[in-house]
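The next block is query.cif, given as mmCIF, C-alpha atoms.
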data_coords
#
loop_
_atom_site.label_atom_id
_atom_site.label_comp_id
_atom_site.auth_asym_id
_atom_site.auth_seq_id
_atom_site.Cartn_x
_atom_site.Cartn_y
_atom_site.Cartn_z
CA MET B 10 3.23 -16.73 120.07
CA GLY B 11 6.51 -18.43 119.38
CA ASN B 12 7.39 -22.10 119.25
CA GLU B 13 6.11 -23.95 122.26
CA LEU B 14 8.87 -25.80 124.09
CA SER B 15 8.16 -29.56 123.84
CA SER B 16 9.65 -32.24 126.02
CA PRO B 17 13.46 -32.03 125.98
CA TYR B 18 15.20 -34.84 124.13
CA ASP B 19 17.53 -36.71 126.47
CA GLY B 20 18.73 -39.51 124.22
CA PRO B 21 22.03 -39.67 122.31
CA PRO B 22 22.62 -37.39 119.29
CA HIS B 23 22.30 -38.92 115.83
CA VAL B 24 24.59 -36.70 113.73
CA LEU B 25 26.84 -34.93 116.22
CA LYS B 26 29.25 -36.75 118.48
CA ALA B 27 28.00 -34.78 121.47
CA ARG B 28 26.01 -31.63 122.21
CA ASP B 29 28.94 -29.27 122.75
CA VAL B 30 31.17 -26.78 120.93
CA PRO B 31 33.90 -29.28 119.89
CA SER B 32 31.26 -31.49 118.25
CA ILE B 33 29.72 -28.52 116.44
CA VAL B 34 33.15 -27.45 115.18
CA LYS B 35 33.98 -30.98 114.01
CA TYR B 36 30.71 -31.10 112.11
CA ILE B 37 31.26 -27.68 110.49
CA LYS B 38 34.66 -28.88 109.28
CA SER B 39 33.22 -32.11 107.86
CA PRO B 40 32.09 -32.65 104.24
CA ALA B 41 28.55 -33.17 105.56
CA CYS B 42 28.19 -29.49 106.43
CA ARG B 43 27.98 -27.34 103.31
CA ARG B 44 24.87 -25.20 103.77
CA ILE B 45 24.52 -23.29 107.01
CA CYS B 46 21.44 -21.18 107.69
CA VAL B 47 21.58 -18.52 110.40
CA MET B 48 18.75 -16.82 112.29
CA LEU B 49 19.59 -13.58 114.10
CA GLY B 50 17.58 -11.70 116.71
CA ALA B 51 17.89 -8.47 118.67
CA GLY B 52 20.26 -10.08 121.17
CA VAL B 53 22.99 -10.03 118.53
CA SER B 54 22.92 -6.23 118.37
CA THR B 55 22.69 -5.43 122.09
CA ALA B 56 26.48 -5.59 122.34
CA ALA B 57 26.55 -2.80 119.74
CA GLY B 58 24.52 -0.61 122.08
CA ILE B 59 21.13 -1.14 120.42
CA PRO B 60 18.41 -2.09 122.94
CA ASP B 61 16.28 -5.13 122.24
CA PHE B 62 12.52 -4.79 122.25
CA ARG B 63 11.18 -6.77 125.16
CA SER B 64 13.72 -6.87 128.03
CA PRO B 65 12.00 -5.45 131.14
CA GLY B 66 13.43 -2.08 132.11
CA THR B 67 16.02 -1.86 129.32
CA GLY B 68 14.11 -2.95 126.23
CA LEU B 69 12.89 -0.54 123.58
CA TYR B 70 9.24 -0.95 124.48
CA SER B 71 9.97 -0.21 128.14
CA ASN B 72 11.58 3.12 127.23
CA LEU B 73 8.85 4.52 125.00
CA GLN B 74 6.81 6.06 127.82
CA ARG B 75 8.16 9.51 126.92
CA LEU B 76 6.44 9.34 123.51
CA ASN B 77 3.00 9.12 125.13
CA LEU B 78 1.94 6.21 122.95
CA PRO B 79 -1.39 4.47 123.59
CA TYR B 80 0.69 1.26 123.84
CA PRO B 81 4.38 0.64 122.97
CA GLU B 82 3.78 -1.36 119.79
CA ALA B 83 1.87 1.60 118.28
CA VAL B 84 5.19 3.17 117.25
CA PHE B 85 5.47 0.41 114.64
CA GLU B 86 1.84 0.31 113.51
CA ILE B 87 1.18 1.59 110.00
CA ASN B 88 -2.24 3.11 110.76
CA TYR B 89 -0.89 4.96 113.81
CA PHE B 90 2.05 6.17 111.70
CA ARG B 91 -0.35 7.57 109.10
CA GLU B 92 -2.09 9.58 111.81
CA ASN B 93 0.96 10.58 113.82
CA PRO B 94 4.44 9.93 112.38
CA VAL B 95 6.21 11.96 115.07
CA PRO B 96 6.88 9.10 117.56
CA PHE B 97 8.44 6.88 114.92
CA TYR B 98 10.61 9.67 113.51
CA THR B 99 11.74 10.49 117.04
CA LEU B 100 12.72 6.86 117.60
CA ALA B 101 14.32 6.58 114.15
CA ARG B 102 16.67 9.43 114.96
CA GLU B 103 18.03 7.39 117.87
CA LEU B 104 18.30 4.10 115.96
CA TYR B 105 19.46 5.34 112.56
CA PRO B 106 22.43 3.42 111.07
CA GLY B 107 25.84 5.00 111.29
CA GLN B 108 25.90 5.24 115.08
CA PHE B 109 26.48 1.57 115.83
CA ARG B 110 29.29 -0.80 114.97
CA PRO B 111 28.72 -4.47 114.06
CA THR B 112 29.50 -7.01 116.74
CA ILE B 113 31.75 -10.05 116.83
CA THR B 114 28.69 -12.17 116.06
CA HIS B 115 27.89 -10.19 112.91
CA THR B 116 31.49 -10.72 111.80
CA PHE B 117 31.18 -14.46 112.46
CA VAL B 118 28.32 -14.60 109.94
CA LYS B 119 30.60 -12.88 107.41
CA LEU B 120 33.27 -15.52 108.03
CA LEU B 121 30.73 -18.26 107.29
CA ALA B 122 30.14 -16.55 103.95
CA ASP B 123 33.87 -16.13 103.35
CA HIS B 124 34.35 -19.86 103.88
CA LYS B 125 31.51 -20.65 101.42
CA LEU B 126 29.39 -22.15 104.18
CA LEU B 127 26.62 -19.57 104.56
CA ASP B 128 23.47 -20.37 102.62
CA THR B 129 21.10 -17.74 104.09
CA CYS B 130 21.12 -15.33 107.00
CA PHE B 131 17.57 -14.64 108.22
CA THR B 132 17.53 -11.63 110.52
CA GLN B 133 14.80 -9.97 112.55
CA ASN B 134 16.96 -6.88 112.99
CA ILE B 135 16.39 -3.60 111.16
CA ASP B 136 19.78 -2.05 111.98
CA THR B 137 21.66 -3.14 108.80
CA LEU B 138 24.62 -4.34 110.91
CA GLU B 139 24.85 -7.56 108.90
CA ARG B 140 25.56 -5.46 105.82
CA GLN B 141 27.95 -3.21 107.72
CA ALA B 142 29.86 -6.32 108.77
CA GLY B 143 30.29 -7.33 105.13
CA VAL B 144 27.81 -10.21 104.88
CA PRO B 145 26.90 -10.43 101.17
CA SER B 146 23.56 -8.79 100.44
CA ASP B 147 22.32 -11.78 98.47
CA LYS B 148 22.77 -13.93 101.57
CA ILE B 149 20.73 -11.66 103.86
CA VAL B 150 16.97 -11.86 104.33
CA GLU B 151 15.74 -8.99 106.49
CA ALA B 152 12.46 -10.50 107.64
CA HIS B 153 11.27 -7.24 109.17
CA GLY B 154 12.90 -4.89 106.65
CA SER B 155 15.61 -2.35 107.49
CA PHE B 156 16.83 1.24 107.29
CA ALA B 157 18.80 0.44 104.13
CA SER B 158 16.13 1.90 101.81
CA GLN B 159 12.98 4.00 102.06
CA HIS B 160 9.75 4.52 100.11
CA CYS B 161 6.48 6.43 100.18
CA ILE B 162 3.87 4.34 102.02
CA GLU B 163 1.20 5.31 99.47
CA CYS B 164 2.68 5.36 95.94
CA HIS B 165 5.87 3.47 96.88
CA SER B 166 8.20 5.96 95.18
CA ALA B 167 11.80 5.55 96.31
CA PHE B 168 13.48 8.29 98.31
CA GLU B 169 17.18 9.13 98.41
CA GLY B 170 18.95 7.70 101.44
CA ALA B 171 21.21 10.67 102.16
CA LYS B 172 18.27 13.08 102.14
CA MET B 173 16.25 10.76 104.36
CA LYS B 174 19.07 10.55 106.86
CA GLU B 175 19.46 14.33 106.85
CA ALA B 176 15.73 14.84 107.40
CA VAL B 177 15.63 12.38 110.29
CA GLU B 178 18.68 13.96 111.93
CA LYS B 179 17.13 17.44 111.64
CA GLY B 180 13.75 16.30 112.86
CA ASN B 181 11.88 16.81 109.59
CA ILE B 182 9.03 14.50 108.72
CA VAL B 183 9.28 13.59 105.04
CA ARG B 184 6.42 13.54 102.57
CA CYS B 185 6.53 12.26 99.01
CA SER B 186 6.75 14.95 96.33
CA GLU B 187 4.78 12.71 93.95
CA CYS B 188 1.62 12.06 95.98
CA GLY B 189 2.08 13.74 99.35
CA GLY B 190 2.20 10.44 101.23
CA LEU B 191 4.46 9.86 104.19
CA VAL B 192 7.92 8.43 103.57
CA LYS B 193 9.51 5.95 105.95
CA PRO B 194 12.39 3.47 105.93
CA ASP B 195 11.48 0.05 104.57
CA ILE B 196 10.89 -1.38 108.03
CA VAL B 197 7.94 -3.75 108.22
CA PHE B 198 5.25 -2.26 110.45
CA PHE B 199 2.33 -4.08 111.99
CA GLY B 200 -0.26 -3.80 109.24
CA GLU B 201 2.24 -4.33 106.40
CA ALA B 202 3.19 -7.49 104.53
CA LEU B 203 6.57 -9.10 105.10
CA PRO B 204 9.10 -8.64 102.28
CA PRO B 205 8.67 -10.99 99.31
CA ALA B 206 12.27 -12.11 99.81
CA PHE B 207 11.27 -13.68 103.11
CA HIS B 208 8.63 -15.93 101.57
CA MET B 209 10.80 -16.69 98.55
CA THR B 210 13.77 -17.89 100.60
CA VAL B 211 11.98 -19.88 103.32
CA PRO B 212 12.15 -23.09 101.20
CA ARG B 213 15.96 -22.93 101.37
CA LEU B 214 15.71 -24.13 104.96
CA ARG B 215 14.80 -27.62 103.79
CA GLY B 216 18.28 -27.96 102.29
CA ALA B 217 20.15 -26.79 105.41
CA ASP B 218 22.92 -28.94 106.88
CA LEU B 219 23.14 -26.79 110.01
CA LEU B 220 20.92 -24.12 111.58
CA ILE B 221 22.48 -21.59 113.98
CA VAL B 222 20.00 -19.45 115.95
CA ILE B 223 21.54 -16.49 117.78
CA GLY B 224 20.16 -13.85 120.12
CA THR B 225 16.41 -14.40 119.78
CA SER B 226 13.69 -15.52 122.15
CA LEU B 227 11.77 -17.05 119.22
CA THR B 228 8.50 -15.40 120.26
CA VAL B 229 7.57 -13.49 117.09
CA GLN B 230 5.81 -15.32 114.27
CA PRO B 231 6.35 -16.32 111.57
CA PHE B 232 10.10 -15.91 112.16
CA ALA B 233 10.01 -18.22 115.19
CA SER B 234 8.63 -21.13 113.18
CA LEU B 235 11.55 -21.16 110.75
CA THR B 236 13.37 -23.47 113.16
CA THR B 237 10.82 -26.20 112.43
CA LEU B 238 11.42 -26.17 108.67
CA VAL B 239 14.92 -27.64 108.59
CA PRO B 240 15.14 -31.42 108.08
CA GLU B 241 14.86 -33.64 111.14
CA GLY B 242 18.48 -34.70 110.72
CA CYS B 243 19.79 -31.12 110.58
CA PRO B 244 21.60 -30.09 113.78
CA ARG B 245 20.21 -26.90 115.34
CA VAL B 246 22.35 -24.69 117.58
CA LEU B 247 20.88 -22.02 119.86
CA ILE B 248 23.23 -19.32 121.16
CA ASN B 249 21.29 -17.16 123.59
CA MET B 250 21.05 -15.96 127.18
CA ASP B 251 18.01 -18.20 127.80
CA PRO B 252 16.43 -21.29 126.25
CA ALA B 253 14.09 -20.46 123.37
CA GLY B 254 11.49 -22.08 121.18
CA ASP B 255 11.67 -25.80 120.57
CA ILE B 256 15.47 -25.97 120.38
CA GLY B 257 16.41 -28.93 122.58
CA THR B 258 13.63 -31.25 121.47
CA ARG B 259 15.55 -32.96 118.64
CA PRO B 260 18.46 -35.38 118.94
CA ASP B 261 21.01 -32.99 117.43
CA ASP B 262 19.89 -29.78 119.10
CA VAL B 263 22.62 -27.91 121.00
CA VAL B 264 21.79 -25.13 123.48
CA LEU B 265 24.70 -22.81 124.35
CA LEU B 266 23.65 -20.27 126.98
CA GLY B 267 25.64 -17.09 127.56
CA ARG B 268 26.71 -13.91 125.78
CA CYS B 269 26.58 -14.30 122.02
CA ASP B 270 29.95 -12.71 121.28
CA GLU B 271 31.77 -14.82 123.86
CA ILE B 272 30.32 -18.10 122.61
CA VAL B 273 30.91 -17.17 118.98
CA ARG B 274 34.52 -16.26 119.70
CA ASN B 275 35.01 -19.64 121.34
CA ILE B 276 33.60 -21.39 118.27
CA CYS B 277 35.90 -19.38 116.00
CA ARG B 278 38.88 -20.25 118.20
CA GLU B 279 38.06 -23.97 117.88
CA LEU B 280 37.64 -23.57 114.12
CA GLY B 281 41.00 -21.82 113.83
CA TRP B 282 39.29 -18.63 112.66
CA GLU B 283 40.07 -16.31 115.56
CA LYS B 284 42.72 -14.28 113.69
CA GLU B 285 40.32 -13.86 110.77
CA LEU B 286 37.58 -12.85 113.18
CA ASN B 287 39.73 -10.14 114.75
CA ARG B 288 40.94 -8.88 111.37
CA GLU B 289 37.47 -8.67 109.84
CA TRP B 290 35.92 -7.12 112.94
CA ALA B 291 38.62 -4.43 112.96
CA LYS B 292 37.45 -3.41 109.48
CA THR B 293 34.01 -2.55 110.84
CA GLU B 294 35.41 0.55 112.56
CA ILE B 295 34.93 2.30 109.20
CA MET B 296 31.19 2.59 108.61
CA LYS B 297 29.78 2.12 105.10
CA PRO B 298 27.56 4.88 103.67
CA LEU B 299 23.87 4.08 103.89
CA ASP B 300 23.43 4.72 100.16
CA ALA B 301 25.93 1.96 99.43
CA LEU B 302 23.90 -0.41 101.58
CA ALA B 303 20.73 0.66 99.79
CA GLU B 304 22.28 -0.05 96.38
CA ALA B 305 23.32 -3.51 97.53
CA THR B 306 19.81 -4.07 98.89
CA LEU B 307 18.24 -3.17 95.54
CA GLU B 308 20.57 -5.49 93.66
CA ALA B 309 19.74 -8.34 96.01
CA ARG B 310 16.01 -7.74 95.58
CA GLU B 311 16.34 -7.79 91.79
CA GLU B 312 18.21 -11.08 91.94
CA ARG B 313 15.49 -12.62 94.10
CA ALA B 314 12.74 -11.32 91.84
CA ALA B 315 13.77 -13.89 89.23
CA PRO B 316 13.08 -17.58 89.88
CA VAL B 317 15.55 -19.03 92.34
CA ALA B 318 17.24 -21.49 90.01
CA ASP B 319 19.63 -22.99 92.52
CA LEU B 320 16.78 -24.22 94.71
CA ALA B 321 16.98 -27.34 92.58
CA GLU B 322 20.36 -28.02 94.15
CA VAL B 323 18.90 -28.28 97.64
CA ALA B 324 15.83 -30.29 96.67
CA PRO B 325 16.02 -34.05 97.34
CA PRO B 326 16.68 -36.00 94.12
CA LEU B 327 13.72 -37.51 92.32
CA GLU B 328 13.56 -41.27 92.18
CA PRO B 329 14.50 -42.70 88.75
CA ALA B 330 11.76 -44.09 86.53
CA ALA B 331 11.06 -47.73 87.13
CA GLU B 332 12.44 -50.23 84.65
CA ALA B 333 10.10 -51.92 82.22
CA GLY B 334 7.59 -53.94 84.13
CA GLY B 335 8.28 -52.07 87.35
CA VAL B 336 5.86 -49.86 89.23
CA VAL B 337 6.47 -46.12 89.08
CA PRO B 338 5.64 -44.50 92.43
CA THR B 339 2.83 -41.99 92.16
CA VAL B 340 4.32 -39.68 94.81
CA THR B 341 8.03 -39.29 95.48
CA GLU B 342 9.66 -38.29 98.77
CA ALA B 343 10.72 -35.02 97.16
CA GLU B 344 7.13 -34.23 96.21
CA ILE B 345 5.98 -34.98 99.74
CA GLU B 346 8.68 -32.70 101.14
CA ASP B 347 7.78 -29.94 98.65
CA ALA B 348 4.14 -30.17 99.66
CA ARG B 349 5.06 -30.03 103.35
CA VAL B 350 7.21 -26.92 102.92
CA GLU B 351 4.61 -25.22 100.71
CA ALA B 352 1.87 -25.94 103.24
CA GLU B 353 4.03 -24.66 106.07
CA VAL B 354 4.85 -21.44 104.19
CA GLU B 355 1.16 -20.90 103.48
CA ARG B 356 0.36 -21.49 107.16
CA LEU B 357 3.01 -18.98 108.24
CA THR B 358 1.73 -16.46 105.71
CA GLU B 359 -1.79 -16.82 107.07
CA GLN B 360 -0.46 -16.27 110.61
CA VAL B 361 1.28 -13.10 109.48
CA GLU B 362 -1.85 -11.75 107.79
CA LYS B 363 -3.94 -12.42 110.88
CA ALA B 364 -1.34 -10.93 113.22
CA LEU B 365 -1.02 -7.80 111.12
CA GLU B 366 -4.75 -7.01 111.10
CA ILE B 367 -5.27 -3.67 112.82
CA SER B 368 -8.56 -1.99 113.52
CA GLU B 369 -9.26 0.98 111.25
CA GLY B 370 -10.16 4.36 112.59
CA GLN B 371 -7.80 4.29 115.59
CA GLY B 372 -5.00 6.64 116.47
CA PRO B 373 -4.60 10.34 117.20
CA ARG B 374 -5.30 13.27 114.93
CA GLN B 375 -3.06 14.06 111.96
CA ALA B 376 0.30 15.53 112.89
CA PRO B 377 1.67 18.47 110.87
CA THR B 378 4.41 17.31 108.54
CA THR B 379 6.96 18.77 106.18
CA THR B 380 7.48 17.97 102.51
CA ILE B 381 10.96 17.39 101.10
CA THR B 382 11.28 16.92 97.36
CA PRO B 383 13.61 13.94 96.83
CA GLU B 384 14.81 14.42 93.27
CA GLU B 385 14.91 18.20 92.75
CA PRO B 386 18.40 19.74 92.63
CA GLN B 387 17.25 22.99 94.24
CA PRO B 388 16.76 23.24 98.02
CA SER B 389 13.79 21.20 99.25
CA ALA B 390 10.53 23.01 99.80
CA VAL B 391 9.33 22.86 103.37
CA THR B 392 5.65 23.43 104.02
CA GLU B 393 3.34 22.80 106.91
CA SER B 394 0.14 20.83 106.68
CA ASN B 395 -2.83 22.21 108.59
CA GLU B 396 -5.11 19.22 108.13
CA ALA B 397 -5.62 18.83 111.87
CA PRO B 398 -6.75 21.56 114.24
CA GLY B 399 -4.15 20.69 116.84
CA MET B 400 -1.22 18.44 117.67
CA PRO B 401 -1.44 15.15 119.58
CA GLU B 402 0.04 15.09 123.03
CA ALA B 403 2.95 12.93 121.91
CA SER B 404 3.90 15.52 119.31
CA ARG B 405 3.86 18.34 121.84
CA ASN B 406 6.18 16.41 124.10
CA ALA B 407 8.47 15.82 121.14
CA GLY B 408 8.82 19.53 120.57
CA ASP B 409 6.09 20.21 118.01
CA ALA B 410 3.76 23.21 118.21
CA PRO B 411 0.55 23.56 116.19
CA SER B 412 0.33 26.49 113.83
CA GLU B 413 -2.21 29.14 114.72
CA LYS B 414 -2.48 30.21 111.05
CA GLU B 415 -5.15 28.76 108.80
CA GLU B 416 -3.54 29.56 105.44
CA ASP B 417 -2.19 26.45 103.68
CA SER B 418 0.59 28.54 102.19
CA ALA B 419 2.03 29.65 105.52
CA PRO B 420 5.68 28.48 105.51
CA ALA B 421 6.98 26.63 108.51
CA LYS B 422 9.74 24.22 109.42
CA GLU B 423 8.65 21.45 111.71
CA LYS B 424 10.86 19.68 114.18
CA LEU B 425 10.34 16.51 116.10
#
Kindly present the structure from the file in structure tokens form.
Amino acid sequence: MGNELSSPYDGPPHVLKARDVPSIVKYIKSPACRRICVMLGAGVSTAAGIPDFRSPGTGLYSNLQRLNLPYPEAVFEINYFRENPVPFYTLARELYPGQFRPTITHTFVKLLADHKLLDTCFTQNIDTLERQAGVPSDKIVEAHGSFASQHCIECHSAFEGAKMKEAVEKGNIVRCSECGGLVKPDIVFFGEALPPAFHMTVPRLRGADLLIVIGTSLTVQPFASLTTLVPEGCPRVLINMDPAGDIGTRPDDVVLLGRCDEIVRNICRELGWEKELNREWAKTEIMKPLDALAEATLEAREERAAPVADLAEVAPPLEPAAEAGGVVPTVTEAEIEDARVEAEVERLTEQVEKALEISEGQGPRQAPTTTITPEEPQPSAVTESNEAPGMPEASRNAGDAPSEKEEDSAPAKEKL
């Protein structure tokens, strides 16, 4: 579940002059606002033509009936994928990057970075549109992974992006040439751990001067609970079609309901950034190659693998040692805050582990797959696996046909 909506706060704001766009803009322009954290949900990408997950009738889960899944979420379950990768590969072909252009809202996040105001952009989205918009890779935390890179789910060997894209477009299911395991984009499935970068960057929220939450219903944990980790005095702005989470329960919470792009454009107009917004958004007509995004993703991961040295900048200062004869406090405010954040991160991690537990032994029979050698210069070898006596119903509907031959060496080219 997401954040439960507590009683709305109806008193005066403490930091902002009022709970409206002009007050937000005035605060962003002030010296008090130097570190802005952003949280993005699926609603940011709907204007790009990508369906969200849960909207009745139009959401992704509502339109998965044709894949004959036991339940919609199965398409993103790791155990189901191991047994039958066909539904996910079918869906991936429709969602693969390169078909969708970043939105005005994605470009707004880039402008925050350009103006040295963006600390971290936490996104639930897997579409890589933040990267396509030009948001620096080291500022992006893809909480649920993305299509920007891909690995074997067993031995974790990397796979070339261009070959993965070609295989998905042609309907080929990719297996690792090293161990024979299935290859998939680095999207976090139910049953998989969230990226280390997510847990490593959560503490940055305690140093935020402003939190902007856009296009999310705040129903998926642990992402939804990030809103509770910013300091009590940090203004929180929700830009969404409907109220969400606990935004509105603190003195400096601002809820702006409507279409994300329209509200963001209004904010940029008030900031004097509208010309920049239009100029930078126009650049997104030229799509960046997926391999370039993958390279930037790898560099960002390597940077985060080292200790995050600049976290010291956002930590509250330690109290000076007491003068001779004075009493040195045993616990400082900073230590209390560190303990609170650490406990909260551990709690969120436990929630993730519990939520991602999936019963073993479920799912359909093994679907025939093809093997594409990622690193060989010669044409990839394509073979059919005959581990299962027949195809699941979802695979038949997707265009697959089981082989009647029993020989493992029988060549075949499988399509989704």
Report as a PyMOL selection string the full result of the PyMOL selection byres ((chain B and resi 107-115) around 7) when it is applied to this structure.
-> chain B and resi 53-54+56-58+105-106+116-119+138-139+141-142+269-270+273+290+293-294+296
Take CA of Phe207 (chain B) and CA of Ala152 (chain B) and report the distance between them in Å, one decimal.
->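 Separation of CA of Phe207 (chain B) and CA of Ala152 (chain B): 5.7 Å.
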What does the distance between CA of Asp29 (chain B) and CA of Val264 (chain B) come to in Å, to one decimal place?
-> 8.3 Å
Please indicate the distance in Å from CA of Thr228 (chain B) to CA of Arg140 (chain B), rounded to one decimal place.
->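 Computed distance, CA of Thr228 (chain B) to CA of Arg140 (chain B), equals 24.5 Å.
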Go through B:Thr258, B:Thr129, B:Gln230, B:Thr55 one by one, measure the shortest atom-to-atom distance of each to Pro244 (chain B) using only C-alpha atoms, and give the residue with the smallest value.
->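 Once distances to Pro244 (chain B) are computed over only C-alpha atoms, the minimum belongs to B:Thr258.
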Contacts of Leu265 (chain B) within 12 Å, only C-alpha atoms, excl. fewer than 5 positions in-chain, as a ChimeraX atom specification | /B:28-30,33,221-224,245-253,256-257,270-273,275-276
Write the residues you've just listed into a file as a compact mmCIF listing (two decimals), in the frame of the given file, and include C-alpha atoms for each of them.
# COMPACT_ATOMS: atom_id res chain seq x y z
CA ARG B 28 26.01 -31.63 122.21
CA ASP B 29 28.94 -29.27 122.75
CA VAL B 30 31.17 -26.78 120.93
CA ILE B 33 29.72 -28.52 116.44
CA ILE B 221 22.48 -21.59 113.98
CA VAL B 222 20.00 -19.45 115.95
CA ILE B 223 21.54 -16.49 117.78
CA GLY B 224 20.16 -13.85 120.12
CA ARG B 245 20.21 -26.90 115.34
CA VAL B 246 22.35 -24.69 117.58
CA LEU B 247 20.88 -22.02 119.86
CA ILE B 248 23.23 -19.32 121.16
CA ASN B 249 21.29 -17.16 123.59
CA MET B 250 21.05 -15.96 127.18
CA ASP B 251 18.01 -18.20 127.80
CA PRO B 252 16.43 -21.29 126.25
CA ALA B 253 14.09 -20.46 123.37
CA ILE B 256 15.47 -25.97 120.38
CA GLY B 257 16.41 -28.93 122.58
CA ASP B 270 29.95 -12.71 121.28
CA GLU B 271 31.77 -14.82 123.86
CA ILE B 272 30.32 -18.10 122.61
CA VAL B 273 30.91 -17.17 118.98
CA ASN B 275 35.01 -19.64 121.34
CA ILE B 276 33.60 -21.39 118.27
Could you list, with a cut-off of 12 Å and counting only C-alpha atoms, the residues of region 90-141 of chain B near region 191-204 of chain B, each shown with its nearest atom pair and the distance in Å rounded to one decimal, rows sorted by chain and ascending number, as JSON lines?
{"residue": "B:Phe90", "atom": "CA", "partner": "B:Leu191", "partner_atom": "CA", "distance": 8.7}
{"residue": "B:Arg91", "atom": "CA", "partner": "B:Leu191", "partner_atom": "CA", "distance": 7.2}
{"residue": "B:Glu92", "atom": "CA", "partner": "B:Leu191", "partner_atom": "CA", "distance": 10.1}
{"residue": "B:Asn93", "atom": "CA", "partner": "B:Leu191", "partner_atom": "CA", "distance": 10.3}
{"residue": "B:Pro94", "atom": "CA", "partner": "B:Leu191", "partner_atom": "CA", "distance": 8.2}
{"residue": "B:Val95", "atom": "CA", "partner": "B:Leu191", "partner_atom": "CA", "distance": 11.2}
{"residue": "B:Phe97", "atom": "CA", "partner": "B:Lys193", "partner_atom": "CA", "distance": 9.1}
{"residue": "B:Tyr98", "atom": "CA", "partner": "B:Lys193", "partner_atom": "CA", "distance": 8.5}
{"residue": "B:Ala101", "atom": "CA", "partner": "B:Pro194", "partner_atom": "CA", "distance": 9.0}
{"residue": "B:Arg102", "atom": "CA", "partner": "B:Pro194", "partner_atom": "CA", "distance": 11.6}
{"residue": "B:Leu104", "atom": "CA", "partner": "B:Pro194", "partner_atom": "CA", "distance": 11.7}
{"residue": "B:Tyr105", "atom": "CA", "partner": "B:Pro194", "partner_atom": "CA", "distance": 9.9}
{"residue": "B:Pro106", "atom": "CA", "partner": "B:Pro194", "partner_atom": "CA", "distance": 11.3}
{"residue": "B:Phe131", "atom": "CA", "partner": "B:Pro204", "partner_atom": "CA", "distance": 12.0}
{"residue": "B:Gln133", "atom": "CA", "partner": "B:Val197", "partner_atom": "CA", "distance": 10.2}
{"residue": "B:Asn134", "atom": "CA", "partner": "B:Ile196", "partner_atom": "CA", "distance": 9.6}
{"residue": "B:Ile135", "atom": "CA", "partner": "B:Ile196", "partner_atom": "CA", "distance": 6.7}
{"residue": "B:Asp136", "atom": "CA", "partner": "B:Ile196", "partner_atom": "CA", "distance": 9.8}
{"residue": "B:Thr137", "atom": "CA", "partner": "B:Ile196", "partner_atom": "CA", "distance": 10.9}
Tell me which of B:Leu227, B:Ala176, B:Leu120, B:Ile87 sits closest to Ile162 (chain B), counting all atoms listed in the file.
-> B:Ile87
Between B:Ile45, B:Cys185, B:Leu238, B:Val211, smallest distance to Lys125 (chain B) by all atoms listed in the file belongs to B:Ile45
Residues returned when the PyMOL selection byres ((chain B and resi 158) around 7) runs on this file, as a VMD selection string | chain B and resid 156 to 157 159 170 194 to 195 303
Would you kindly return, as a PyMOL selection string, each protein, DNA or RNA residue with an atom no farther than 12 Å from any atom of Arg43 (chain B), considering all atoms listed in the file and excluding same-chain residues fewer than 6 positions away?
-> chain B and resi 36-37+121-122+124-129+216-220+243+322-323
